[in-house]
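**Student:** Dumping the structure here so I can ask a few things about it.
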Amino acid sequence: MTWDQIRLAPVLLIQSAEPVYADRAVALIKRQAREIDLNTDVIEIDANSYSGGYLSAVASPSLFGERRLILIRQLETLTNALQEDLLTYLQFPEPDVVLVLQHNGGARGKKILQTLAKNNVPTTKIAAVKTQRDKVQAVTADIRAAGRKMTPEAIGALIEAVGSDVRELLAAVQQLLADVDGLITEENIHTYFSGRIEAKGFTVADALIAGNVGEAVKLARHALATGATHTAILGAISAKLRTMAHILGQRSGTIDTKVSIVPWMADRAKRDLRGWTAPGLAAAISAIARADADVKGGSRDPGYALERGILDVGRARKIRA
């Protein structure tokens, strides 16, 4: 089941590769527990420093019958004592206790996981959000859950601005939902997040791909002066060029058509390709690769290497077949 389908049970397992969704799952469990009993006692156990007997002590029946919610958030770091106590507890879970076990990956704790599976314990498996498509789905899910709409261009711009960290990305979605009425557009993204370091790199890339070389150099200098790195700027340019190359290759049949690009990225790349030829694009990709190598150690002046790369891409855009 997905994290938002969790329902209370004597024992629950969350297997998570994405911390922000694990946190949401735990928050949902807490809300459900307190809807039943506002005074539910929430007890967190540190798996890594656990001492034998503690689980039994906090889970044993209370004189006053309070409900308890016991959280063990990093099961993959459990001590031998915790493993032994859990195996014992799982034989006869307490009826007025909800035990939530969160395992974040790795081999440690495998015996517990096998026991939980054997006992058919309700389990939520949360995959990592890695690809652009994953991030689009994550943003879209939050927007739909709020009963709102956001344009594909706005989703793309938001991911470019803050997409390297999923928690930050989803926090940005919540900010937009709170601050923007009606449809969320690309203009709203630029208003709220244009000053972000990640966004600055893509701003340089946008200007350069469009042929505004002078503006790209100016934006790059400003980005560097306000916290962006040379590699981040080159990475943004490289990402745009690679996506353009995929689209161009699909058009010409020279690249595997199974390459998956989310629709907003494909549409933007198609627009970006206007004014570019295949030889020019190839030259631009080579120029950025050289600049990246120079910035990472091949040049004494990374600023010069970055600007030379930008100028080379500008020249490449003028190449005609």
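Ligands are numbered from 1 in the order shown, residues from 1 within each chain, and chains are lettered A, B, ... in the order they appear in the structure tokens.
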Could you pull out the strand (DSSP E or B) residues of stretch 11-96 of chain A, going by DSSP on the backbone, and write them as a list in words?

**Tutor:** Val11, Leu12, Leu13, Ile14, Gln15, Ser16, Asp41, Val42, Ile43, Glu44, Ile45, Arg68, Leu69, Ile70, Leu71 and Ile72 of chain A

**Student:** Need the shell around A:Ala146: protein/DNA/RNA residues with any atom at most 8 Å away, counting only C-alpha atoms. Skip same-chain ones fewer than 3 positions apart. Format as a PDB file with N, CA, C and O atoms, in the first residue's frame?

**Tutor:**
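Now in around-v6.pdb:
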ATOM      1  N   ASP A 142       0.666  16.061  -5.077  1.00  0.00           N
ATOM      2  CA  ASP A 142       0.360  17.042  -4.032  1.00  0.00           C
ATOM      3  C   ASP A 142      -0.619  18.105  -4.527  1.00  0.00           C
ATOM      4  O   ASP A 142      -1.505  18.547  -3.781  1.00  0.00           O
ATOM      5  N   ILE A 143      -0.452  18.507  -5.769  1.00  0.00           N
ATOM      6  CA  ILE A 143      -1.362  19.509  -6.340  1.00  0.00           C
ATOM      7  C   ILE A 143      -2.777  18.943  -6.426  1.00  0.00           C
ATOM      8  O   ILE A 143      -3.760  19.594  -6.036  1.00  0.00           O
ATOM      9  N   LEU A 177       0.824  26.513  -2.875  1.00  0.00           N
ATOM     10  CA  LEU A 177      -0.592  26.258  -2.609  1.00  0.00           C
ATOM     11  C   LEU A 177      -1.147  27.261  -1.607  1.00  0.00           C
ATOM     12  O   LEU A 177      -2.303  27.693  -1.712  1.00  0.00           O
TER      13      LEU A 177
END

**Student:** Could you work out how far atom CA of A:Glu66 lies from atom CA of A:Leu13, giving the answer in Å with one decimal?

**Tutor:** 22.3 Å

**Student:** Quick one: residues within 10 Å of A:Thr185, only C-alpha atoms counted, chain neighbours fewer than 3 positions away excluded, as an NGL selection string?

**Tutor:** :A and (149-155 or 157-158 or 180 or 182 or 188-190)

**Student:** Show which residues sit within 7 Å of stretch 18-29 of chain A, as a list in words. Count only C-alpha atoms, and ignore same-chain residues fewer than 2 positions away.

**Tutor:** Trp3, Asp4, Leu8, Ser16, Arg31, Gln32, Ala33, Ile126, Ala127, Ala128, Val129 and Arg167 of chain A

**Student:** Using the selection just defined, write its residues with N, CA and C atoms as a short mmCIF file (atom, residue, chain, number, x, y, z; two decimals), in the first residue's frame.

**Tutor:**
data_model
loop_
_atom_site.label_atom_id
_atom_site.label_comp_id
_atom_site.auth_asym_id
_atom_site.auth_seq_id
_atom_site.Cartn_x
_atom_site.Cartn_y
_atom_site.Cartn_z
N TRP A 3 1.85 5.26 1.13
CA TRP A 3 1.94 5.84 2.47
C TRP A 3 0.62 6.44 2.93
N ASP A 4 -0.16 7.00 2.00
CA ASP A 4 -1.41 7.66 2.39
C ASP A 4 -2.57 6.68 2.58
N LEU A 8 -4.26 2.19 11.07
CA LEU A 8 -3.70 1.69 12.32
C LEU A 8 -3.82 0.17 12.43
N SER A 16 11.19 2.49 3.54
CA SER A 16 11.26 3.76 2.83
C SER A 16 12.64 4.05 2.26
N ARG A 31 -1.76 11.09 13.57
CA ARG A 31 -3.08 11.74 13.51
C ARG A 31 -4.18 10.71 13.75
N GLN A 32 -4.06 9.56 13.12
CA GLN A 32 -5.08 8.53 13.29
C GLN A 32 -5.15 8.05 14.73
N ALA A 33 -3.98 7.89 15.35
CA ALA A 33 -3.96 7.43 16.75
C ALA A 33 -4.62 8.45 17.67
N ILE A 126 7.99 2.54 0.11
CA ILE A 126 8.14 3.86 -0.50
C ILE A 126 9.42 3.88 -1.32
N ALA A 127 9.28 4.06 -2.62
CA ALA A 127 10.44 4.10 -3.51
C ALA A 127 11.08 5.48 -3.49
N ALA A 128 12.35 5.53 -3.83
CA ALA A 128 13.05 6.81 -3.93
C ALA A 128 12.52 7.61 -5.11
N VAL A 129 12.49 8.92 -4.94
CA VAL A 129 12.13 9.83 -6.04
C VAL A 129 13.44 10.25 -6.69
N ARG A 167 12.40 16.80 -0.43
CA ARG A 167 11.71 17.44 0.69
C ARG A 167 11.50 18.94 0.40
#

**Student:** Output as an MDAnalysis selection string all residues of stretch 68-250 of chain A that backbone DSSP marks as helix (DSSP H, G or I).

**Tutor:** chainID A and resid 75:77 80:89 110:118 132:145 152:162 166:179 186:193 197:209 213:225 230:250

**Student:** Of the residues A:Pro122, A:Gly314, A:Gly249, A:Pro10, which is the one nearest to A:Lys270, using only C-alpha atoms?

**Tutor:**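 Going through A:Pro122, A:Gly314, A:Gly249, A:Pro10 one by one, the smallest distance to A:Lys270 is for A:Gly249.
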
**Student:** Measuring between only C-alpha atoms, which one of A:Leu170, A:Arg251, A:Pro95, A:Gly303 shows the shortest distance to A:Ala225?

**Tutor:**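 Once distances to A:Ala225 are computed over only C-alpha atoms, the minimum belongs to A:Gly303.
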
**Student:** Which of these, A:Leu208, A:Ala266, A:Ala305, A:Ala293, has the shortest distance to A:Arg317 once you count only C-alpha atoms?

**Tutor:**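 Among A:Leu208, A:Ala266, A:Ala305, A:Ala293, it is A:Leu208 that comes nearest to A:Arg317.
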
**Student:** If we count only C-alpha atoms and set the cut-off at 9 Å, which residues sit around A:Ala278, ignoring sequence neighbours fewer than 3 positions away in its own chain? Please answer as a ChimeraX atom specification.

**Tutor:** /A:245,248-249,281-283,319-321

**Student:** Could you state the separation of atom CA of A:Leu12 and atom CA of A:Arg67 in Å, given to one decimal place?

**Tutor:**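 That distance, rounded to one decimal, is 15.5 Å.
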